[in-house]
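Worksheet: one structure, shown below.
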Amino acid sequence: MHFVLVHGGATTSRFWDRLVPLLAHPVLAVDLPGRAGKECDPMALTVDDCVASIVADVESAGVDGDVVFVAHSSGGLFVPGAAAALGERVRHVVLSAASVPPEGGTGLECMQPKHRARTEQGIAAARRDGWVLTTPGPPEDPEVMRRAYGGDPLDDETLAFVVDPARAVKDSMNFYFQPVSWRAVAHVPVTYVKGLRDNPIPPALQDEMIARLPNPVEVVEMDVGHIPAVTHAAEFAAVCNRAAGAR
């Protein structure tokens with residue numbers, strides 16, 4: 001059994017650093033394109049590109065046997081494709097405030113309306129005027145992130161952890177425009193970790209994502225913000241370890 005960890009947008013495999021030591025099975029934390037020396041055109045990156053990158057990492061790492069995927073936020077857009085590619089080896093999926101569009105829909109449909117409008121306008125302007133749209137990267141003033149995720153304000157150590165350039169990176173927005181399908185892996189059990197004080201993906205929006213899943217779903221509610229794998233690593237690890245023991 002291996003855990004395969006898929007980070008969300010604007011971060012890296014290092015997002016999972018606090019979680020990895022607490023997991024009960026070997027771990028592969030992948031880096032999506034644009035990190036770890038993987039070349040990426042932010043204006044052209046697709047869901048399929050990210051899926052192919054995950055599968056290639058699994059193969060190159062020599063991961064064999066059963067797999068449990070764990071995905072955070074927009075990392076959820078890539079898990080169904082990667083799980084379909086790995087087939088019956090995938091025993092469970094754990095989603096943390098993860099993006100689940102309507103069947104055949106896009107990541108845009110997983111955003112709050114104000115975020116969706118900003119993304120659509122930004123891509124349109126970038127394509128029209130010939131510039132590259134990315135997420136901002138590490139903030140000039142780390143304080144803007146202390147309360148950004150919801151839940152309790154980040155302590156100084158955790159704030160430094162999340163804004164570290166090893167984790168906070170510029171990222172593509174283009175992959176939010178490609179379709180996603182769970183149909184091929186609708187038989188795989190899913191545990192959805194719902195953050196009750198999540199700011200970027202509020203609980204009501206998480207409920208919409210949960211309702212879209214065709215899979216058997218267990219919902220685990222946690223009194224946390226958007227990044228429980230960082231802020232509440234032990235509790236989140238317990239959920240993942242329990243999922244790895246499920247059949």
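Going through the structure tokens in order, the chains are called A, B, and so on, while each chain numbers its residues from 1 and the ligands are numbered from 1 in the order shown.
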
Q. Within 10 Å of Trp182 of chain A, counting only C-alpha atoms, which residues qualify if same-chain residues fewer than 2 places away don't, as a list in words?
A.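 Non-adjacent residues within range: Leu77, Val79, Pro80, Gly81, Ala83, Ala84, Val100, Pro101, Pro102, Glu103, Gly104, Val180, Ala184, Val185, Ala186, His187, Val188, Arg212, Leu213, Pro214 and Asn215 of chain A.
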
Since we have the selection now, will you write its residues out, keeping N, CA and C atoms, as a short mmCIF file (atom, residue, chain, number, x, y, z; two decimals), in the first residue's frame?
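Printed below is part.cif as written:
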```
data_model
loop_
_atom_site.label_atom_id
_atom_site.label_comp_id
_atom_site.auth_asym_id
_atom_site.auth_seq_id
_atom_site.Cartn_x
_atom_site.Cartn_y
_atom_site.Cartn_z
N LEU A 77 -9.00 17.82 -9.11
CA LEU A 77 -9.31 17.80 -10.54
C LEU A 77 -8.53 16.71 -11.27
N VAL A 79 -7.21 13.74 -9.78
CA VAL A 79 -7.27 12.40 -9.20
C VAL A 79 -8.12 11.43 -10.02
N PRO A 80 -9.29 11.80 -10.52
CA PRO A 80 -10.05 10.79 -11.26
C PRO A 80 -9.32 10.27 -12.49
N GLY A 81 -8.62 11.14 -13.21
CA GLY A 81 -7.86 10.69 -14.37
C GLY A 81 -6.71 9.80 -13.98
N ALA A 83 -6.46 8.05 -11.19
CA ALA A 83 -7.01 6.81 -10.65
C ALA A 83 -7.47 5.89 -11.77
N ALA A 84 -8.06 6.45 -12.81
CA ALA A 84 -8.48 5.63 -13.95
C ALA A 84 -7.28 4.98 -14.62
N VAL A 100 -14.50 19.19 -7.15
CA VAL A 100 -15.24 18.16 -7.88
C VAL A 100 -16.27 18.87 -8.74
N PRO A 101 -16.00 19.02 -10.04
CA PRO A 101 -16.99 19.66 -10.91
C PRO A 101 -18.18 18.74 -11.18
N PRO A 102 -19.27 19.27 -11.73
CA PRO A 102 -20.29 18.39 -12.27
C PRO A 102 -19.67 17.48 -13.33
N GLU A 103 -20.25 16.32 -13.57
CA GLU A 103 -19.68 15.38 -14.52
C GLU A 103 -19.42 16.06 -15.87
N GLY A 104 -18.16 16.02 -16.31
CA GLY A 104 -17.78 16.66 -17.57
C GLY A 104 -17.59 18.16 -17.46
N VAL A 180 -13.56 17.45 -16.49
CA VAL A 180 -13.15 16.41 -15.53
C VAL A 180 -14.29 15.40 -15.42
N ALA A 184 -15.30 6.91 -14.77
CA ALA A 184 -14.50 5.68 -14.89
C ALA A 184 -14.07 5.12 -13.55
N VAL A 185 -14.13 5.93 -12.50
CA VAL A 185 -13.69 5.46 -11.17
C VAL A 185 -14.80 5.64 -10.14
N ALA A 186 -16.03 5.56 -10.59
CA ALA A 186 -17.17 5.77 -9.70
C ALA A 186 -17.29 4.68 -8.64
N HIS A 187 -16.60 3.57 -8.83
CA HIS A 187 -16.65 2.47 -7.87
C HIS A 187 -15.67 2.65 -6.71
N VAL A 188 -14.74 3.59 -6.83
CA VAL A 188 -13.70 3.75 -5.81
C VAL A 188 -14.26 4.52 -4.62
N ARG A 212 -21.83 15.90 -5.97
CA ARG A 212 -21.52 15.58 -7.37
C ARG A 212 -20.82 14.25 -7.55
N LEU A 213 -20.21 13.74 -6.49
CA LEU A 213 -19.44 12.51 -6.61
C LEU A 213 -20.38 11.32 -6.85
N PRO A 214 -20.08 10.51 -7.86
CA PRO A 214 -20.88 9.30 -8.08
C PRO A 214 -20.43 8.15 -7.18
N ASN A 215 -19.32 8.33 -6.47
CA ASN A 215 -18.70 7.28 -5.67
C ASN A 215 -19.40 7.10 -4.33
#
```

Q. Could you pull out the helix (DSSP H, G or I) residues of segment 66-194 of chain A from DSSP and send them as a PyMOL selection string?
A. chain A and resi 73-77+79-89+107-110+113-129+142-145+156-163+174-177+183-185

Q. When distances are computed from only C-alpha atoms, which of A:Gly37, A:Val230, A:Leu23, A:Gly195 shows the smallest separation from Glu157 of chain A?
A. A:Val230

Q: Identify which of the residues A:Val6, A:Val93, A:Leu133, A:Val224 lies closest to Gly150 of chain A, counting only C-alpha atoms when measuring atom-to-atom distances.
A: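 Closest to Gly150 of chain A, using only C-alpha atoms: A:Val224.
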
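Restricting the calculation to only C-alpha atoms, the smallest distance between Phe3 of chain A and any of A:Pro179, A:Gly75, A:Pro203, A:Gly65 is found for A:Gly65.
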
Q: Choose the residue, out of A:Ser53, A:Asn241, A:Ser181, A:Ser73, that has the smallest atom-to-atom separation from Asn199 of chain A; count only C-alpha atoms.
A: A:Ser73

Q: Please provide as a VMD selection string all residues within 12 Å of Leu154 of chain A, with the sequence filter that same-chain residues fewer than 4 positions apart are discarded (counting only C-alpha atoms).
A: chain A and resid 142 to 150 158 to 163 224 to 228 230 to 232

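Distances here use only C-alpha atoms; by that measure, the residue among A:Met1, A:Val94, A:Ala125, A:Ala61 closest to Ile210 of chain A is A:Val94.
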
List the spatial neighbours of segment 106-118 of chain A as a PDB file with N, CA and C atoms, in the first residue's frame - criterion: any atom at most 10 Å away, only C-alpha atoms, same-chain residues fewer than 4 positions off excluded.
```pdb
ATOM      1  N   VAL A  47      -5.553  19.681 -17.559  1.00  0.00           N
ATOM      2  CA  VAL A  47      -5.819  18.598 -16.615  1.00  0.00           C
ATOM      3  C   VAL A  47      -5.099  17.335 -17.064  1.00  0.00           C
ATOM      4  N   SER A  73      -7.733  20.464  -2.396  1.00  0.00           N
ATOM      5  CA  SER A  73      -8.225  21.594  -3.184  1.00  0.00           C
ATOM      6  C   SER A  73      -8.247  21.260  -4.681  1.00  0.00           C
ATOM      7  N   SER A  74      -7.591  22.064  -5.527  1.00  0.00           N
ATOM      8  CA  SER A  74      -7.653  21.809  -6.967  1.00  0.00           C
ATOM      9  C   SER A  74      -6.948  20.526  -7.371  1.00  0.00           C
ATOM     10  N   GLY A  76      -7.897  17.818  -6.574  1.00  0.00           N
ATOM     11  CA  GLY A  76      -8.997  16.906  -6.855  1.00  0.00           C
ATOM     12  C   GLY A  76      -9.363  16.818  -8.327  1.00  0.00           C
ATOM     13  N   LEU A  77      -8.996  17.823  -9.110  1.00  0.00           N
ATOM     14  CA  LEU A  77      -9.307  17.799 -10.537  1.00  0.00           C
ATOM     15  C   LEU A  77      -8.531  16.714 -11.273  1.00  0.00           C
ATOM     16  N   ALA A  98     -11.667  19.387  -1.702  1.00  0.00           N
ATOM     17  CA  ALA A  98     -11.156  19.214  -3.061  1.00  0.00           C
ATOM     18  C   ALA A  98     -12.200  19.554  -4.117  1.00  0.00           C
ATOM     19  N   SER A  99     -11.702  19.974  -5.268  1.00  0.00           N
ATOM     20  CA  SER A  99     -12.544  20.406  -6.375  1.00  0.00           C
ATOM     21  C   SER A  99     -13.168  19.201  -7.078  1.00  0.00           C
ATOM     22  N   VAL A 100     -14.496  19.186  -7.146  1.00  0.00           N
ATOM     23  CA  VAL A 100     -15.240  18.161  -7.877  1.00  0.00           C
ATOM     24  C   VAL A 100     -16.274  18.873  -8.745  1.00  0.00           C
ATOM     25  N   PRO A 101     -16.005  19.016 -10.044  1.00  0.00           N
ATOM     26  CA  PRO A 101     -16.993  19.663 -10.913  1.00  0.00           C
ATOM     27  C   PRO A 101     -18.183  18.738 -11.177  1.00  0.00           C
ATOM     28  N   PRO A 102     -19.267  19.273 -11.726  1.00  0.00           N
ATOM     29  CA  PRO A 102     -20.293  18.393 -12.273  1.00  0.00           C
ATOM     30  C   PRO A 102     -19.667  17.482 -13.331  1.00  0.00           C
ATOM     31  N   GLY A 122      -9.314  37.216 -16.137  1.00  0.00           N
ATOM     32  CA  GLY A 122      -7.864  37.247 -16.206  1.00  0.00           C
ATOM     33  C   GLY A 122      -7.327  36.478 -17.397  1.00  0.00           C
ATOM     34  N   ILE A 123      -7.848  35.284 -17.634  1.00  0.00           N
ATOM     35  CA  ILE A 123      -7.390  34.487 -18.778  1.00  0.00           C
ATOM     36  C   ILE A 123      -7.731  35.193 -20.085  1.00  0.00           C
ATOM     37  N   ALA A 124      -8.935  35.736 -20.157  1.00  0.00           N
ATOM     38  CA  ALA A 124      -9.344  36.425 -21.383  1.00  0.00           C
ATOM     39  C   ALA A 124      -8.423  37.614 -21.664  1.00  0.00           C
ATOM     40  N   MET A 173      -3.412  28.890 -14.244  1.00  0.00           N
ATOM     41  CA  MET A 173      -4.865  28.935 -14.049  1.00  0.00           C
ATOM     42  C   MET A 173      -5.588  28.248 -15.207  1.00  0.00           C
ATOM     43  N   ASN A 174      -4.827  27.834 -16.217  1.00  0.00           N
ATOM     44  CA  ASN A 174      -5.434  27.306 -17.436  1.00  0.00           C
ATOM     45  C   ASN A 174      -6.153  25.985 -17.224  1.00  0.00           C
ATOM     46  N   PHE A 175      -5.651  25.158 -16.282  1.00  0.00           N
ATOM     47  CA  PHE A 175      -6.252  23.828 -16.124  1.00  0.00           C
ATOM     48  C   PHE A 175      -7.669  23.891 -15.558  1.00  0.00           C
ATOM     49  N   TYR A 176      -8.070  25.039 -15.046  1.00  0.00           N
ATOM     50  CA  TYR A 176      -9.450  25.165 -14.562  1.00  0.00           C
ATOM     51  C   TYR A 176     -10.480  25.177 -15.694  1.00  0.00           C
ATOM     52  N   PHE A 177     -10.017  25.199 -16.922  1.00  0.00           N
ATOM     53  CA  PHE A 177     -10.915  25.329 -18.069  1.00  0.00           C
ATOM     54  C   PHE A 177     -11.129  24.004 -18.800  1.00  0.00           C
ATOM     55  N   GLN A 178     -10.558  22.884 -18.302  1.00  0.00           N
ATOM     56  CA  GLN A 178     -10.737  21.592 -18.971  1.00  0.00           C
ATOM     57  C   GLN A 178     -11.723  20.693 -18.222  1.00  0.00           C
ATOM     58  N   PRO A 179     -12.406  19.824 -18.964  1.00  0.00           N
ATOM     59  CA  PRO A 179     -13.407  18.953 -18.338  1.00  0.00           C
ATOM     60  C   PRO A 179     -12.792  17.867 -17.473  1.00  0.00           C
ATOM     61  N   VAL A 180     -13.563  17.453 -16.488  1.00  0.00           N
ATOM     62  CA  VAL A 180     -13.151  16.415 -15.533  1.00  0.00           C
ATOM     63  C   VAL A 180     -14.290  15.405 -15.419  1.00  0.00           C
ATOM     64  N   SER A 181     -13.923  14.112 -15.358  1.00  0.00           N
ATOM     65  CA  SER A 181     -14.941  13.062 -15.229  1.00  0.00           C
ATOM     66  C   SER A 181     -14.546  12.055 -14.166  1.00  0.00           C
ATOM     67  N   PRO A 200     -11.554  29.714   1.575  1.00  0.00           N
ATOM     68  CA  PRO A 200     -11.551  29.640   0.111  1.00  0.00           C
ATOM     69  C   PRO A 200     -12.663  28.759  -0.457  1.00  0.00           C
ATOM     70  N   ILE A 201     -12.941  27.631   0.211  1.00  0.00           N
ATOM     71  CA  ILE A 201     -14.001  26.713  -0.244  1.00  0.00           C
ATOM     72  C   ILE A 201     -14.982  26.543   0.916  1.00  0.00           C
ATOM     73  N   PRO A 202     -15.956  27.424   1.035  1.00  0.00           N
ATOM     74  CA  PRO A 202     -16.858  27.386   2.197  1.00  0.00           C
ATOM     75  C   PRO A 202     -17.623  26.067   2.286  1.00  0.00           C
ATOM     76  N   LEU A 205     -20.194  25.173  -0.382  1.00  0.00           N
ATOM     77  CA  LEU A 205     -19.605  24.814  -1.668  1.00  0.00           C
ATOM     78  C   LEU A 205     -19.015  23.405  -1.601  1.00  0.00           C
ATOM     79  N   GLN A 206     -18.415  23.047  -0.479  1.00  0.00           N
ATOM     80  CA  GLN A 206     -17.939  21.669  -0.315  1.00  0.00           C
ATOM     81  C   GLN A 206     -19.101  20.685  -0.403  1.00  0.00           C
ATOM     82  N   GLU A 208     -21.731  20.982  -2.200  1.00  0.00           N
ATOM     83  CA  GLU A 208     -22.032  20.830  -3.623  1.00  0.00           C
ATOM     84  C   GLU A 208     -21.084  19.828  -4.267  1.00  0.00           C
ATOM     85  N   MET A 209     -19.799  19.911  -3.928  1.00  0.00           N
ATOM     86  CA  MET A 209     -18.820  18.983  -4.508  1.00  0.00           C
ATOM     87  C   MET A 209     -19.120  17.546  -4.076  1.00  0.00           C
TER      88      MET A 209
END
```

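The closest residue to Ala71 of chain A, picked from A:Ala36, A:Ala244, A:Val55, A:Ala229 and counting only C-alpha atoms, is A:Ala229.
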
Q: Excluding Thr12 of chain A and residues on its chain fewer than 3 positions from it, collect all residues at most 7 Å away from it, counting only C-alpha atoms, and give them as an NGL selection string.
A: :A and (7 or 15 or 31 or 35 or 167)

Take the residues from that selection and put them in a file with C-alpha atoms, as a CSV table (one decimal), in the first residue's frame.
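again13.csv written:
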```csv
chain,number,residue,atom,x,y,z
A,7,HIS,CA,-1.1,19.0,-3.7
A,15,PHE,CA,2.7,21.1,1.3
A,31,ASP,CA,5.0,17.7,-7.8
A,35,ARG,CA,7.6,22.5,-9.9
A,167,ARG,CA,5.8,25.6,-1.0
```

Q: Fewer than 5 positions away in the same chain doesn't count, so skip those; otherwise give me all residues within 8 Å of Thr11 of chain A, counting only C-alpha atoms, as a ChimeraX atom specification.
A: /A:167-171
